[in-house]
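Trainee: Below is protein17.cif; it holds mmCIF, N, CA and C atoms.
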```
data_coords
#
loop_
_atom_site.label_atom_id
_atom_site.label_comp_id
_atom_site.auth_asym_id
_atom_site.auth_seq_id
_atom_site.Cartn_x
_atom_site.Cartn_y
_atom_site.Cartn_z
N MET B 16 -22.25 -21.44 -8.03
CA MET B 16 -22.05 -20.13 -7.44
C MET B 16 -21.81 -20.28 -5.95
N LEU B 17 -20.85 -19.52 -5.43
CA LEU B 17 -20.51 -19.60 -4.02
C LEU B 17 -21.51 -18.82 -3.18
N ASN B 18 -21.82 -19.39 -2.02
CA ASN B 18 -22.72 -18.65 -1.12
C ASN B 18 -21.88 -17.70 -0.26
N PRO B 19 -22.51 -16.74 0.40
CA PRO B 19 -21.78 -15.74 1.18
C PRO B 19 -20.89 -16.35 2.26
N ARG B 20 -21.30 -17.43 2.85
CA ARG B 20 -20.50 -18.08 3.89
C ARG B 20 -19.19 -18.63 3.31
N GLU B 21 -19.28 -19.23 2.12
CA GLU B 21 -18.08 -19.75 1.47
C GLU B 21 -17.14 -18.61 1.08
N ILE B 22 -17.70 -17.52 0.61
CA ILE B 22 -16.88 -16.36 0.24
C ILE B 22 -16.16 -15.81 1.47
N LEU B 23 -16.87 -15.70 2.57
CA LEU B 23 -16.28 -15.21 3.81
C LEU B 23 -15.15 -16.13 4.27
N LYS B 24 -15.38 -17.43 4.17
CA LYS B 24 -14.36 -18.41 4.55
C LYS B 24 -13.11 -18.25 3.68
N MET B 25 -13.30 -18.06 2.38
CA MET B 25 -12.17 -17.87 1.46
C MET B 25 -11.41 -16.59 1.80
N GLN B 26 -12.14 -15.52 2.13
CA GLN B 26 -11.49 -14.26 2.49
C GLN B 26 -10.66 -14.42 3.76
N MET B 27 -11.20 -15.15 4.74
CA MET B 27 -10.46 -15.37 5.99
C MET B 27 -9.21 -16.18 5.73
N GLU B 28 -9.31 -17.19 4.90
CA GLU B 28 -8.14 -18.01 4.56
C GLU B 28 -7.09 -17.18 3.82
N ALA B 29 -7.52 -16.30 2.94
CA ALA B 29 -6.60 -15.44 2.20
C ALA B 29 -5.87 -14.50 3.15
N LYS B 30 -6.58 -13.95 4.14
CA LYS B 30 -5.94 -13.07 5.13
C LYS B 30 -4.92 -13.82 5.96
N LYS B 31 -5.25 -15.06 6.34
CA LYS B 31 -4.30 -15.88 7.10
C LYS B 31 -3.05 -16.14 6.28
N MET B 32 -3.25 -16.43 4.98
CA MET B 32 -2.12 -16.71 4.11
C MET B 32 -1.24 -15.47 3.96
N GLN B 33 -1.84 -14.30 3.82
CA GLN B 33 -1.07 -13.06 3.72
C GLN B 33 -0.25 -12.84 4.98
N LYS B 34 -0.84 -13.09 6.13
CA LYS B 34 -0.12 -12.92 7.39
C LYS B 34 1.07 -13.86 7.46
N ARG B 35 0.86 -15.12 7.06
CA ARG B 35 1.97 -16.08 7.07
C ARG B 35 3.08 -15.65 6.12
N LEU B 36 2.71 -15.11 4.96
CA LEU B 36 3.70 -14.65 4.00
C LEU B 36 4.51 -13.49 4.57
N ARG B 37 3.86 -12.58 5.26
CA ARG B 37 4.57 -11.44 5.84
C ARG B 37 5.51 -11.88 6.97
N GLU B 38 5.20 -12.99 7.60
CA GLU B 38 6.05 -13.49 8.69
C GLU B 38 7.30 -14.20 8.17
N LYS B 39 7.25 -14.68 6.94
CA LYS B 39 8.41 -15.36 6.35
C LYS B 39 9.47 -14.32 6.00
N LYS B 40 10.68 -14.53 6.45
CA LYS B 40 11.79 -13.64 6.15
C LYS B 40 12.74 -14.36 5.19
N ILE B 41 12.94 -13.76 4.04
CA ILE B 41 13.76 -14.38 3.00
C ILE B 41 14.79 -13.37 2.54
N SER B 42 16.03 -13.83 2.40
CA SER B 42 17.08 -12.92 1.93
C SER B 42 17.51 -13.34 0.53
N GLY B 43 18.08 -12.39 -0.17
CA GLY B 43 18.69 -12.65 -1.47
C GLY B 43 20.09 -12.10 -1.43
N GLU B 44 21.02 -12.80 -2.04
CA GLU B 44 22.43 -12.40 -1.98
C GLU B 44 23.04 -12.40 -3.36
N SER B 45 23.88 -11.40 -3.62
CA SER B 45 24.60 -11.36 -4.89
C SER B 45 25.62 -12.49 -4.90
N LYS B 46 26.05 -12.88 -6.09
CA LYS B 46 26.99 -14.00 -6.21
C LYS B 46 28.31 -13.73 -5.50
N ASP B 47 28.74 -12.45 -5.47
CA ASP B 47 30.00 -12.13 -4.80
C ASP B 47 29.83 -11.86 -3.31
N GLY B 48 28.59 -11.92 -2.81
CA GLY B 48 28.32 -11.75 -1.39
C GLY B 48 28.46 -10.32 -0.88
N MET B 49 28.56 -9.36 -1.77
CA MET B 49 28.77 -7.98 -1.35
C MET B 49 27.47 -7.22 -1.15
N LEU B 50 26.34 -7.82 -1.47
CA LEU B 50 25.05 -7.16 -1.31
C LEU B 50 24.00 -8.19 -0.93
N LYS B 51 23.21 -7.85 0.07
CA LYS B 51 22.12 -8.73 0.49
C LYS B 51 20.87 -7.88 0.65
N ILE B 52 19.74 -8.44 0.22
CA ILE B 52 18.46 -7.79 0.44
C ILE B 52 17.62 -8.70 1.33
N PHE B 53 16.78 -8.08 2.12
CA PHE B 53 15.93 -8.81 3.04
C PHE B 53 14.48 -8.40 2.77
N MET B 54 13.67 -9.41 2.45
CA MET B 54 12.27 -9.15 2.12
C MET B 54 11.43 -10.21 2.82
N ASN B 55 10.12 -10.01 2.81
CA ASN B 55 9.26 -11.03 3.38
C ASN B 55 8.60 -11.81 2.24
N GLY B 56 7.85 -12.81 2.62
CA GLY B 56 7.20 -13.67 1.62
C GLY B 56 6.13 -12.98 0.80
N ALA B 57 5.68 -11.82 1.25
CA ALA B 57 4.70 -11.04 0.49
C ALA B 57 5.40 -10.07 -0.47
N GLN B 58 6.69 -10.27 -0.66
CA GLN B 58 7.52 -9.49 -1.56
C GLN B 58 7.63 -8.03 -1.14
N GLU B 59 7.60 -7.78 0.16
CA GLU B 59 7.78 -6.44 0.70
C GLU B 59 9.22 -6.28 1.15
N PHE B 60 9.84 -5.20 0.70
CA PHE B 60 11.23 -4.92 1.04
C PHE B 60 11.35 -4.59 2.52
N GLU B 61 12.37 -5.16 3.19
CA GLU B 61 12.56 -4.89 4.61
C GLU B 61 13.90 -4.23 4.91
N ASP B 62 14.98 -4.69 4.29
CA ASP B 62 16.29 -4.13 4.60
C ASP B 62 17.29 -4.49 3.49
N ILE B 63 18.43 -3.85 3.55
CA ILE B 63 19.51 -4.13 2.60
C ILE B 63 20.83 -4.02 3.35
N TRP B 64 21.77 -4.85 2.99
CA TRP B 64 23.14 -4.78 3.52
C TRP B 64 24.07 -4.66 2.33
N VAL B 65 24.99 -3.69 2.40
CA VAL B 65 25.94 -3.47 1.31
C VAL B 65 27.34 -3.43 1.90
N ASP B 66 28.25 -4.21 1.33
CA ASP B 66 29.65 -4.18 1.73
C ASP B 66 30.20 -2.78 1.49
N ASP B 67 31.00 -2.28 2.41
CA ASP B 67 31.56 -0.92 2.30
C ASP B 67 32.29 -0.71 0.97
N ASN B 68 32.98 -1.73 0.48
CA ASN B 68 33.73 -1.59 -0.77
C ASN B 68 32.83 -1.33 -1.97
N LEU B 69 31.59 -1.74 -1.86
CA LEU B 69 30.66 -1.57 -2.97
C LEU B 69 30.06 -0.16 -3.00
N MET B 70 30.27 0.59 -1.94
CA MET B 70 29.70 1.93 -1.85
C MET B 70 30.55 2.99 -2.56
N ASP B 71 31.71 2.64 -3.04
CA ASP B 71 32.56 3.56 -3.81
C ASP B 71 31.82 3.95 -5.09
N MET B 72 31.81 5.23 -5.43
CA MET B 72 31.07 5.71 -6.61
C MET B 72 31.53 5.02 -7.89
N GLY B 73 32.76 4.58 -7.95
CA GLY B 73 33.27 3.88 -9.12
C GLY B 73 32.69 2.47 -9.25
N MET B 74 31.97 2.04 -8.26
CA MET B 74 31.43 0.68 -8.24
C MET B 74 29.94 0.65 -8.56
N MET B 75 29.39 1.74 -9.08
CA MET B 75 27.94 1.82 -9.30
C MET B 75 27.42 0.71 -10.21
N GLU B 76 28.12 0.41 -11.30
CA GLU B 76 27.66 -0.65 -12.20
C GLU B 76 27.66 -2.00 -11.50
N ARG B 77 28.68 -2.24 -10.69
CA ARG B 77 28.73 -3.50 -9.95
C ARG B 77 27.61 -3.54 -8.91
N PHE B 78 27.34 -2.40 -8.28
CA PHE B 78 26.24 -2.33 -7.31
C PHE B 78 24.93 -2.73 -7.98
N LYS B 79 24.67 -2.18 -9.16
CA LYS B 79 23.44 -2.50 -9.89
C LYS B 79 23.37 -3.99 -10.23
N LYS B 80 24.49 -4.52 -10.67
CA LYS B 80 24.56 -5.95 -11.02
C LYS B 80 24.29 -6.80 -9.78
N ASP B 81 24.93 -6.44 -8.66
CA ASP B 81 24.74 -7.20 -7.43
C ASP B 81 23.30 -7.11 -6.94
N MET B 82 22.69 -5.95 -7.10
CA MET B 82 21.30 -5.79 -6.67
C MET B 82 20.39 -6.71 -7.48
N LYS B 83 20.61 -6.79 -8.77
CA LYS B 83 19.80 -7.68 -9.62
C LYS B 83 20.01 -9.14 -9.21
N GLU B 84 21.26 -9.51 -8.97
CA GLU B 84 21.56 -10.89 -8.57
C GLU B 84 20.90 -11.23 -7.24
N ALA B 85 20.96 -10.29 -6.29
CA ALA B 85 20.36 -10.53 -4.98
C ALA B 85 18.86 -10.69 -5.10
N PHE B 86 18.23 -9.88 -5.94
CA PHE B 86 16.78 -9.98 -6.11
C PHE B 86 16.40 -11.30 -6.78
N LYS B 87 17.17 -11.73 -7.76
CA LYS B 87 16.89 -13.03 -8.40
C LYS B 87 17.04 -14.16 -7.40
N ASP B 88 18.05 -14.07 -6.54
CA ASP B 88 18.26 -15.08 -5.51
C ASP B 88 17.08 -15.12 -4.55
N TYR B 89 16.61 -13.94 -4.15
CA TYR B 89 15.42 -13.85 -3.29
C TYR B 89 14.21 -14.50 -3.97
N GLN B 90 14.00 -14.20 -5.25
CA GLN B 90 12.85 -14.76 -5.96
C GLN B 90 12.89 -16.28 -6.00
N LYS B 91 14.08 -16.85 -6.24
CA LYS B 91 14.21 -18.31 -6.26
C LYS B 91 13.85 -18.90 -4.90
N LYS B 92 14.36 -18.27 -3.85
CA LYS B 92 14.09 -18.77 -2.51
C LYS B 92 12.61 -18.64 -2.17
N LEU B 93 12.00 -17.54 -2.57
CA LEU B 93 10.57 -17.34 -2.31
C LEU B 93 9.75 -18.41 -3.02
N GLN B 94 10.06 -18.69 -4.27
CA GLN B 94 9.33 -19.71 -5.02
C GLN B 94 9.45 -21.07 -4.35
N LYS B 95 10.65 -21.37 -3.85
CA LYS B 95 10.86 -22.64 -3.16
C LYS B 95 10.03 -22.70 -1.88
N GLU B 96 10.01 -21.61 -1.12
CA GLU B 96 9.21 -21.55 0.10
C GLU B 96 7.72 -21.72 -0.21
N MET B 97 7.27 -21.04 -1.25
CA MET B 97 5.86 -21.10 -1.62
C MET B 97 5.47 -22.53 -2.02
N ALA B 98 6.34 -23.20 -2.76
CA ALA B 98 6.05 -24.56 -3.19
C ALA B 98 5.96 -25.50 -1.99
N GLN B 99 6.83 -25.29 -1.00
CA GLN B 99 6.81 -26.14 0.19
C GLN B 99 5.56 -25.91 1.01
N ASP B 100 5.08 -24.67 1.06
CA ASP B 100 3.93 -24.34 1.88
C ASP B 100 2.60 -24.61 1.20
N MET B 101 2.63 -24.85 -0.09
CA MET B 101 1.38 -25.04 -0.82
C MET B 101 0.71 -26.33 -0.38
N ASP B 102 -0.45 -26.21 0.14
CA ASP B 102 -1.24 -27.34 0.60
C ASP B 102 -2.38 -27.50 -0.39
N LEU B 103 -2.22 -28.43 -1.32
CA LEU B 103 -3.21 -28.61 -2.37
C LEU B 103 -4.59 -28.97 -1.82
N ASP B 104 -4.65 -29.73 -0.74
CA ASP B 104 -5.94 -30.08 -0.17
C ASP B 104 -6.65 -28.84 0.36
N LYS B 105 -5.88 -27.91 0.96
CA LYS B 105 -6.49 -26.69 1.49
C LYS B 105 -7.00 -25.84 0.33
N ILE B 106 -6.24 -25.75 -0.74
CA ILE B 106 -6.67 -24.97 -1.90
C ILE B 106 -7.93 -25.59 -2.50
N ARG B 107 -7.95 -26.90 -2.63
CA ARG B 107 -9.15 -27.57 -3.16
C ARG B 107 -10.35 -27.29 -2.28
N GLY B 108 -10.13 -27.31 -0.95
CA GLY B 108 -11.22 -27.04 -0.02
C GLY B 108 -11.75 -25.62 -0.15
N MET B 109 -10.86 -24.68 -0.43
CA MET B 109 -11.27 -23.29 -0.58
C MET B 109 -12.10 -23.11 -1.86
N LEU B 110 -11.76 -23.88 -2.88
CA LEU B 110 -12.45 -23.74 -4.17
C LEU B 110 -13.72 -24.57 -4.24
N GLY B 111 -13.89 -25.42 -3.29
CA GLY B 111 -15.13 -26.21 -3.27
C GLY B 111 -14.92 -27.50 -3.84
#
```
Can the structure in the file be given as structure tokens, please?

Mentor:
Amino acid sequence: MLNPREILKMQMEAKKMQKRLREKKISGESKDGMLKIFMNGAQEFEDIWVDDNLMDMGMMERFKKDMKEAFKDYQKKLQKEMAQDMDLDKIRGMLG
């Protein structure tokens, strides 16, 4: 069982990790490059860029497709960032 000091230390480490994740800026882009989303490492939406040609009402299905592609691209990049930042020794230390 963890003592209160260890729990406090784990909470502080978790807050630091959340802050670092919010500082990471990751974009996702559709395959055709007509839509980009900008999010942080905590998966919070920050901005979107849409090519003017994609804003035509006749392009709604393509817009949806591009949005899905951009989000998938963002997710891949986020997973890669997370894997690079994962410090197994730090995690082991947090768990005891």

Trainee: Env of range 29-43 of chain B: 6 Å cut, atoms = only N, CA and C atoms, seq-sep filter 6 positions within chain, self excluded. Answer as a ChimeraX atom specification.

Mentor: /B:50-57,84-86,88-89

Trainee: Could you write out, as JSON, numbers by chain, all the residues of range 38-98 of chain B that DSSP marks as strand (DSSP E or B)?

Mentor: {"B": [40, 41, 42, 43, 44, 50, 51, 52, 53, 54, 55, 60, 61, 62, 63, 64, 65]}

Trainee: With only N, CA and C atoms as the basis for distance, which of B:Met82, B:Met49, B:Leu17, B:Met27 is at the shortest distance from Asp67 in chain B?

Mentor: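 Using only N, CA and C atoms, Asp67 in chain B sits closest to B:Met49.
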
Trainee: What's the separation between atom C of Leu69 in chain B and atom N of Asp47 in chain B, in Å to one decimal place?

Mentor: 12.6 Å

Trainee: As a PyMOL selection string, please: every residue in chain B that DSSP puts in helix (DSSP H, G or I).

Mentor: chain B and resi 19-38+67-70+72-100+103-110

Trainee: With distances taken over only N, CA and C atoms, which residue among B:Gln90, B:Glu59, B:Ile22, B:Met70 lies nearest Glu44 in chain B?

Mentor: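 Ranked by minimum distance to Glu44 in chain B, first place goes to B:Gln90.
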
Trainee: Which distance in Å separates CA of Ser45 in chain B and CA of Asp71 in chain B, to one decimal?

Mentor: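 So the two atoms, CA of Ser45 in chain B and CA of Asp71 in chain B, lie 16.9 Å apart.
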
Trainee: Grab the CA of Asp100 in chain B to CA of Asp62 in chain B distance for me, in Å with one decimal place.

Mentor: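 Taking CA of Asp100 in chain B as the start and CA of Asp62 in chain B as the end point, the length is 23.8 Å.
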